[in-house]
Amino acid sequence: MNVLLVGHACSPRRGSELAGTWNWAWHLSQRHQVWVITHPQEREAIEGFVREHPNGNLHFVWVTVPAWLDPWRPSDPTSHVGLRHYMLWQRAALRQAVRLDCQIGIDIVHHVSWGTVSEPPLLWRLGIPFVWGPVGGGQTAPSPFRRYFGSAWRAELIRSVRVRLVPYRPTLRNAVRKTALTLATNHETANLLQRAGPCKPRLFLDSGTLREFLSKDPPEKRGRREFVLLWVGRLQPLKGLPLGLEALAQVKQIPFRLLVAGSGPLQQEWESLAGRVGVGDRTTFMGQVPYDQMPALYRSADAFLFTSLRDSFGSQVLEAMAAGLPIVTLNHQGVGAFVPSEAGIKVPVTNPQETVSTLGQAIGVVLSSEELRARMGRAAWEFAATQTWERRAEKMSEWYAEVVRNKERKSNGFDSPPSSSTIS
């Protein structure tokens, strides 16, 4: 099958959406001929990797926006990818895809990046069976927790209003109507897509387990004098670290150390907060940890804390589960949908006082019981093992075949049965 992947961001050397596009491309190319339309920002890294690991099934098509139209300067670290750039890039990608289809004959188009419902794809216009996702972005921050956003709450509130209006945008309604298979990474996004038109999204993680993160077995940790709790993420308001710091202030009888891996504009403020709530001497802010050092960091911890107030899912959660770490998190959005109840404790999102109290209790329960940590860690590891990129590519290939069969049935005058919503 000739598969066209569309992913603005792609890299074998970086994380987040860049890694997502790359892993879809690499693992699907073990089964199909794959062409990837992407921006050349990471071209050197991609071509270097392919030289070291030749793959005749994988082809890259570089698409840029004319400099005189483009406000983004990839070589300038202060220049950010914005909506104008992405819209122009999508139009350029569509023109390139038309030319490519004439050359090779594309069987299926799959848009993977950007993976946000707020900026719908354009390549459904090709008239070729079209797959979109996994897509997120339909989730909003809970308003009772607005104090954790500080001055950023105004922007967050504007975003929430915009998300509520997204289902009425013609660009989204057209994309939903013309997409053969839509994948959503949380219930909030799935519900939003359904409000936009005739759509039965399937729930599917936007993250996959990398082999270097997956332990052969859940590691056993015994005889700890000080338990290690790990938090990973960018230090920005929506990540909600202050929730965790306030919760840890209630954990009195258990020796622990919180490791915070990540950088961002709020590091100094949150370091001060840790001191004020009484956990500064038990918290280490590590800054940005190189990606290739992260597997060892996960394996050094006893449990993982995830406090995001708005997140599609959080690839770091899956990375932690791959290392056999029990998860303590909030019970909403992607983590609420996908983290098995046997793999951790998911705390209800009600109001700050109640949630902080329950979060502190959950941390205490997990750290105080070796047997519980071992049981939850194994359940987490077993779930992560089902989400390897190899297995995800296998599942996606099955869906590709289903989409193509349905297209052929319609072409022959038969109506295909509707897809049901599933969690995979």
# chains A, B, ... in the order shown; residues from 1 in each chain; ligands from 1
$ closest_atom_pairs --of "region 318-402 of chain A" --to "region 245-261 of chain A" --cutoff "8 Å" --atoms "only C-alpha atoms" --output "JSON lines"
{"residue": "A:Val356", "atom": "CA", "partner": "A:Ala247", "partner_atom": "CA", "distance": 5.1}
{"residue": "A:Ser357", "atom": "CA", "partner": "A:Ala247", "partner_atom": "CA", "distance": 6.2}
{"residue": "A:Thr358", "atom": "CA", "partner": "A:Ala247", "partner_atom": "CA", "distance": 8.0}
{"residue": "A:Leu359", "atom": "CA", "partner": "A:Ala247", "partner_atom": "CA", "distance": 5.8}
{"residue": "A:Gly360", "atom": "CA", "partner": "A:Ala247", "partner_atom": "CA", "distance": 4.2}
{"residue": "A:Gln361", "atom": "CA", "partner": "A:Val251", "partner_atom": "CA", "distance": 7.5}
{"residue": "A:Ile363", "atom": "CA", "partner": "A:Leu248", "partner_atom": "CA", "distance": 7.5}
{"residue": "A:Gly364", "atom": "CA", "partner": "A:Val251", "partner_atom": "CA", "distance": 6.0}
{"residue": "A:Leu367", "atom": "CA", "partner": "A:Ile254", "partner_atom": "CA", "distance": 7.4}
{"residue": "A:Ser368", "atom": "CA", "partner": "A:Ile254", "partner_atom": "CA", "distance": 7.0}
$ write_last_selection --atoms "C-alpha atoms" --output "PDB file, in the first residue's frame"
ATOM      1  CA  VAL A 356      -4.782  18.537  46.786  1.00  0.00           C
ATOM      2  CA  SER A 357      -5.824  16.650  49.919  1.00  0.00           C
ATOM      3  CA  THR A 358      -6.740  13.509  47.974  1.00  0.00           C
ATOM      4  CA  LEU A 359      -3.578  13.760  45.884  1.00  0.00           C
ATOM      5  CA  GLY A 360      -1.459  13.879  49.034  1.00  0.00           C
ATOM      6  CA  GLN A 361      -3.254  10.847  50.413  1.00  0.00           C
ATOM      7  CA  ILE A 363       1.016   9.718  47.152  1.00  0.00           C
ATOM      8  CA  GLY A 364       1.256   8.525  50.754  1.00  0.00           C
ATOM      9  CA  LEU A 367       4.921   5.290  48.731  1.00  0.00           C
ATOM     10  CA  SER A 368       4.044   3.472  51.950  1.00  0.00           C
TER      11      SER A 368
END
$ residues_around --residues "Ile327 (chain A)" --least-positions-apart "3" --cutoff "12 Å" --atoms "only C-alpha atoms" --output "PyMOL selection string"
chain A and resi 229-231+298+301-307+316-324+330-331+335-336+338-347+359+362-363+365-367+372-381
$ write_last_selection --atoms "N, CA and C atoms" --output "short mmCIF file (atom, residue, chain, number, x, y, z; two decimals), in the first residue's frame"
data_model
loop_
_atom_site.label_atom_id
_atom_site.label_comp_id
_atom_site.auth_asym_id
_atom_site.auth_seq_id
_atom_site.Cartn_x
_atom_site.Cartn_y
_atom_site.Cartn_z
N LEU A 229 10.15 10.17 43.92
CA LEU A 229 8.95 10.48 43.15
C LEU A 229 9.38 11.37 41.99
N LEU A 230 8.99 11.02 40.78
CA LEU A 230 9.45 11.73 39.59
C LEU A 230 8.30 12.50 38.95
N TRP A 231 8.58 13.74 38.56
CA TRP A 231 7.66 14.58 37.79
C TRP A 231 8.42 15.07 36.56
N TYR A 298 13.81 7.45 34.62
CA TYR A 298 12.56 6.77 34.98
C TYR A 298 12.85 5.54 35.84
N ALA A 301 13.37 5.89 39.66
CA ALA A 301 12.29 6.38 40.52
C ALA A 301 11.44 5.23 41.06
N ASP A 302 10.63 5.55 42.08
CA ASP A 302 9.70 4.58 42.67
C ASP A 302 8.27 4.79 42.20
N ALA A 303 7.92 6.01 41.84
CA ALA A 303 6.56 6.32 41.39
C ALA A 303 6.62 7.58 40.55
N PHE A 304 5.54 7.80 39.78
CA PHE A 304 5.49 8.94 38.87
C PHE A 304 4.28 9.79 39.19
N LEU A 305 4.51 11.11 39.24
CA LEU A 305 3.46 12.07 39.55
C LEU A 305 3.16 12.90 38.30
N PHE A 306 1.88 12.95 37.92
CA PHE A 306 1.47 13.71 36.74
C PHE A 306 0.30 14.61 37.14
N THR A 307 0.50 15.92 37.00
CA THR A 307 -0.47 16.88 37.54
C THR A 307 -1.05 17.82 36.50
N GLN A 316 5.06 11.47 28.67
CA GLN A 316 5.89 11.08 29.80
C GLN A 316 5.20 10.07 30.69
N VAL A 317 3.87 10.06 30.70
CA VAL A 317 3.15 9.06 31.49
C VAL A 317 3.41 7.66 30.94
N LEU A 318 3.34 7.53 29.62
CA LEU A 318 3.59 6.23 29.00
C LEU A 318 5.05 5.81 29.20
N GLU A 319 5.97 6.77 29.12
CA GLU A 319 7.38 6.46 29.35
C GLU A 319 7.59 5.95 30.78
N ALA A 320 6.92 6.58 31.74
CA ALA A 320 7.02 6.14 33.13
C ALA A 320 6.43 4.74 33.31
N MET A 321 5.31 4.48 32.66
CA MET A 321 4.69 3.16 32.75
C MET A 321 5.59 2.10 32.14
N ALA A 322 6.29 2.45 31.06
CA ALA A 322 7.22 1.50 30.44
C ALA A 322 8.34 1.11 31.38
N ALA A 323 8.67 1.98 32.32
CA ALA A 323 9.70 1.68 33.32
C ALA A 323 9.12 0.99 34.55
N GLY A 324 7.83 0.68 34.51
CA GLY A 324 7.21 -0.02 35.62
C GLY A 324 6.90 0.85 36.82
N LEU A 330 -4.29 12.99 37.99
CA LEU A 330 -5.65 13.48 38.05
C LEU A 330 -6.53 12.63 37.13
N ASN A 331 -7.76 12.42 37.54
CA ASN A 331 -8.65 11.55 36.78
C ASN A 331 -9.46 12.37 35.77
N VAL A 335 -5.23 10.96 30.50
CA VAL A 335 -4.79 10.00 31.53
C VAL A 335 -5.99 9.35 32.20
N GLY A 336 -7.09 10.10 32.34
CA GLY A 336 -8.29 9.51 32.91
C GLY A 336 -8.84 8.40 32.04
N PHE A 338 -7.07 6.52 29.68
CA PHE A 338 -6.17 5.45 29.28
C PHE A 338 -5.40 4.77 30.41
N VAL A 339 -5.05 5.47 31.47
CA VAL A 339 -4.28 4.83 32.54
C VAL A 339 -5.17 3.82 33.24
N PRO A 340 -4.82 2.53 33.21
CA PRO A 340 -5.66 1.52 33.88
C PRO A 340 -5.74 1.79 35.38
N SER A 341 -6.90 1.52 35.95
CA SER A 341 -7.06 1.76 37.39
C SER A 341 -6.12 0.89 38.22
N GLU A 342 -5.69 -0.24 37.66
CA GLU A 342 -4.77 -1.12 38.38
C GLU A 342 -3.34 -0.58 38.37
N ALA A 343 -3.06 0.43 37.52
CA ALA A 343 -1.69 0.90 37.32
C ALA A 343 -1.36 2.14 38.13
N GLY A 344 -2.30 2.62 38.95
CA GLY A 344 -2.02 3.81 39.73
C GLY A 344 -3.26 4.30 40.42
N ILE A 345 -3.19 5.51 40.91
CA ILE A 345 -4.33 6.15 41.55
C ILE A 345 -4.67 7.42 40.77
N LYS A 346 -5.93 7.51 40.36
CA LYS A 346 -6.41 8.67 39.61
C LYS A 346 -7.34 9.46 40.53
N VAL A 347 -6.91 10.68 40.83
CA VAL A 347 -7.58 11.51 41.82
C VAL A 347 -8.68 12.35 41.17
N LEU A 359 -4.84 14.04 46.57
CA LEU A 359 -3.58 13.76 45.88
C LEU A 359 -2.49 13.42 46.90
N ALA A 362 -3.07 9.97 48.15
CA ALA A 362 -2.71 8.97 47.14
C ALA A 362 -1.21 8.75 47.09
N ILE A 363 -0.45 9.84 47.15
CA ILE A 363 1.02 9.72 47.15
C ILE A 363 1.46 8.92 48.37
N VAL A 365 -0.21 6.70 50.11
CA VAL A 365 -0.60 5.30 49.98
C VAL A 365 0.38 4.55 49.09
N VAL A 366 0.73 5.13 47.96
CA VAL A 366 1.62 4.46 47.01
C VAL A 366 3.03 4.31 47.59
N LEU A 367 3.55 5.36 48.21
CA LEU A 367 4.92 5.29 48.73
C LEU A 367 5.04 4.40 49.96
N LEU A 372 2.00 -2.73 47.02
CA LEU A 372 1.13 -1.97 46.13
C LEU A 372 1.91 -1.39 44.96
N ARG A 373 3.08 -0.83 45.25
CA ARG A 373 3.91 -0.28 44.17
C ARG A 373 4.28 -1.36 43.16
N ALA A 374 4.63 -2.54 43.65
CA ALA A 374 5.01 -3.62 42.75
C ALA A 374 3.83 -4.04 41.88
N ARG A 375 2.64 -4.14 42.48
CA ARG A 375 1.46 -4.57 41.73
C ARG A 375 1.07 -3.53 40.70
N MET A 376 1.04 -2.26 41.12
CA MET A 376 0.70 -1.19 40.17
C MET A 376 1.76 -1.04 39.10
N GLY A 377 3.03 -1.16 39.49
CA GLY A 377 4.11 -1.04 38.52
C GLY A 377 4.04 -2.10 37.44
N ARG A 378 3.67 -3.31 37.82
CA ARG A 378 3.54 -4.38 36.82
C ARG A 378 2.37 -4.09 35.88
N ALA A 379 1.24 -3.63 36.44
CA ALA A 379 0.09 -3.30 35.58
C ALA A 379 0.44 -2.17 34.62
N ALA A 380 1.19 -1.18 35.11
CA ALA A 380 1.61 -0.08 34.25
C ALA A 380 2.51 -0.59 33.13
N TRP A 381 3.48 -1.43 33.49
CA TRP A 381 4.42 -1.98 32.51
C TRP A 381 3.69 -2.82 31.47
#
$ atom_distance --atom1 "CA of His8 (chain A)" --atom2 "CA of Asn55 (chain A)"
20.9 Å
$ select_by_dssp --residues "region 80-297 of chain A" --states "strand (DSSP E or B)" --output "ChimeraX atom specification"
/A:108-113,116,130-136,181-184,202-203,209,227-232,256-262,283-287
$ write_last_selection --atoms "C-alpha atoms" --output "compact mmCIF listing (two decimals), in the first residue's frame"
# COMPACT_ATOMS: atom_id res chain seq x y z
CA ILE A 108 -4.37 6.33 1.73
CA VAL A 109 -3.56 9.69 3.34
CA HIS A 110 -2.91 9.98 7.07
CA HIS A 111 -2.56 13.37 8.77
CA VAL A 112 -0.61 13.06 12.03
CA SER A 113 0.85 16.50 12.81
CA THR A 116 -4.92 19.37 17.27
CA PHE A 130 -8.29 9.97 4.59
CA VAL A 131 -7.27 9.19 8.20
CA TRP A 132 -6.88 11.91 10.82
CA GLY A 133 -5.19 11.50 14.16
CA PRO A 134 -4.72 10.65 16.89
CA VAL A 135 -5.92 14.18 17.51
CA GLY A 136 -6.33 16.06 20.79
CA LEU A 181 -11.35 7.35 10.09
CA THR A 182 -10.87 9.81 12.94
CA LEU A 183 -8.80 8.95 16.01
CA ALA A 184 -9.09 10.96 19.23
CA ARG A 202 -12.06 5.84 17.91
CA LEU A 203 -10.03 6.50 21.04
CA THR A 209 6.21 3.10 23.78
CA PHE A 227 11.56 7.12 48.04
CA VAL A 228 12.00 8.86 44.70
CA LEU A 229 8.95 10.48 43.15
CA LEU A 230 9.45 11.73 39.59
CA TRP A 231 7.66 14.58 37.79
CA VAL A 232 8.47 15.34 34.13
CA PHE A 256 10.81 11.06 49.85
CA ARG A 257 12.61 13.10 47.23
CA LEU A 258 10.76 14.73 44.36
CA LEU A 259 12.75 14.99 41.14
CA VAL A 260 11.46 17.61 38.71
CA ALA A 261 12.80 17.06 35.18
CA GLY A 262 12.09 19.89 32.80
CA THR A 283 12.69 18.67 45.92
CA THR A 284 15.36 18.74 43.23
CA PHE A 285 14.79 20.80 40.09
CA MET A 286 16.98 19.06 37.50
CA GLY A 287 16.33 21.35 34.54
$ atom_distance --atom1 "CA of Lys178 (chain A)" --atom2 "CA of Val98 (chain A)"
16.9 Å
$ decode --residues "region 242-309 of chain A" --atoms "C-alpha atoms" --output "mmCIF file, in the first residue's frame"
data_model
loop_
_atom_site.group_PDB
_atom_site.id
_atom_site.type_symbol
_atom_site.label_atom_id
_atom_site.label_comp_id
_atom_site.auth_asym_id
_atom_site.auth_seq_id
_atom_site.Cartn_x
_atom_site.Cartn_y
_atom_site.Cartn_z
ATOM 1 C CA PRO A 242 2.096 23.434 42.353
ATOM 2 C CA LEU A 243 -0.727 20.936 42.919
ATOM 3 C CA GLY A 244 1.879 18.267 43.502
ATOM 4 C CA LEU A 245 4.043 20.463 45.733
ATOM 5 C CA GLU A 246 1.060 21.349 47.930
ATOM 6 C CA ALA A 247 0.030 17.695 48.081
ATOM 7 C CA LEU A 248 3.531 16.570 49.053
ATOM 8 C CA ALA A 249 3.526 19.075 51.926
ATOM 9 C CA GLN A 250 0.919 16.796 53.524
ATOM 10 C CA VAL A 251 3.117 13.689 53.297
ATOM 11 C CA LYS A 252 4.730 13.889 56.729
ATOM 12 C CA GLN A 253 5.883 10.433 57.813
ATOM 13 C CA ILE A 254 7.379 9.076 54.606
ATOM 14 C CA PRO A 255 10.900 10.053 53.489
ATOM 15 C CA PHE A 256 10.815 11.061 49.849
ATOM 16 C CA ARG A 257 12.614 13.100 47.233
ATOM 17 C CA LEU A 258 10.758 14.729 44.362
ATOM 18 C CA LEU A 259 12.755 14.988 41.139
ATOM 19 C CA VAL A 260 11.457 17.606 38.707
ATOM 20 C CA ALA A 261 12.796 17.057 35.176
ATOM 21 C CA GLY A 262 12.087 19.894 32.800
ATOM 22 C CA SER A 263 12.657 23.568 32.190
ATOM 23 C CA GLY A 264 10.421 26.538 31.606
ATOM 24 C CA PRO A 265 9.533 30.085 32.580
ATOM 25 C CA LEU A 266 8.172 29.174 36.016
ATOM 26 C CA GLN A 267 11.167 27.303 37.401
ATOM 27 C CA GLN A 268 12.299 30.018 39.800
ATOM 28 C CA GLU A 269 8.748 30.717 40.965
ATOM 29 C CA TRP A 270 8.046 27.048 41.600
ATOM 30 C CA GLU A 271 11.358 26.535 43.387
ATOM 31 C CA SER A 272 10.305 29.326 45.746
ATOM 32 C CA LEU A 273 6.880 27.735 46.178
ATOM 33 C CA ALA A 274 8.464 24.413 47.138
ATOM 34 C CA GLY A 275 10.310 26.214 49.910
ATOM 35 C CA ARG A 276 7.212 28.055 51.109
ATOM 36 C CA VAL A 277 5.076 24.922 51.419
ATOM 37 C CA GLY A 278 7.862 23.088 53.225
ATOM 38 C CA VAL A 279 9.198 20.622 50.632
ATOM 39 C CA GLY A 280 12.069 22.669 49.204
ATOM 40 C CA ASP A 281 14.698 20.555 50.940
ATOM 41 C CA ARG A 282 13.117 17.396 49.486
ATOM 42 C CA THR A 283 12.687 18.674 45.918
ATOM 43 C CA THR A 284 15.364 18.742 43.226
ATOM 44 C CA PHE A 285 14.787 20.797 40.088
ATOM 45 C CA MET A 286 16.975 19.062 37.496
ATOM 46 C CA GLY A 287 16.327 21.349 34.536
ATOM 47 C CA GLN A 288 16.072 19.923 31.037
ATOM 48 C CA VAL A 289 17.341 16.332 30.997
ATOM 49 C CA PRO A 290 18.727 15.045 27.642
ATOM 50 C CA TYR A 291 16.247 12.704 26.004
ATOM 51 C CA ASP A 292 18.690 9.803 25.857
ATOM 52 C CA GLN A 293 19.144 10.015 29.637
ATOM 53 C CA MET A 294 15.443 9.830 30.407
ATOM 54 C CA PRO A 295 15.079 6.002 30.409
ATOM 55 C CA ALA A 296 17.633 5.716 33.214
ATOM 56 C CA LEU A 297 15.936 8.525 35.130
ATOM 57 C CA TYR A 298 12.565 6.772 34.984
ATOM 58 C CA ARG A 299 14.129 3.525 36.171
ATOM 59 C CA SER A 300 15.690 5.308 39.148
ATOM 60 C CA ALA A 301 12.290 6.381 40.521
ATOM 61 C CA ASP A 302 9.703 4.585 42.670
ATOM 62 C CA ALA A 303 6.562 6.318 41.391
ATOM 63 C CA PHE A 304 5.489 8.938 38.868
ATOM 64 C CA LEU A 305 3.458 12.072 39.550
ATOM 65 C CA PHE A 306 1.467 13.708 36.736
ATOM 66 C CA THR A 307 -0.466 16.877 37.543
ATOM 67 C CA SER A 308 -1.368 18.452 34.197
ATOM 68 C CA LEU A 309 -4.513 20.540 34.331
#
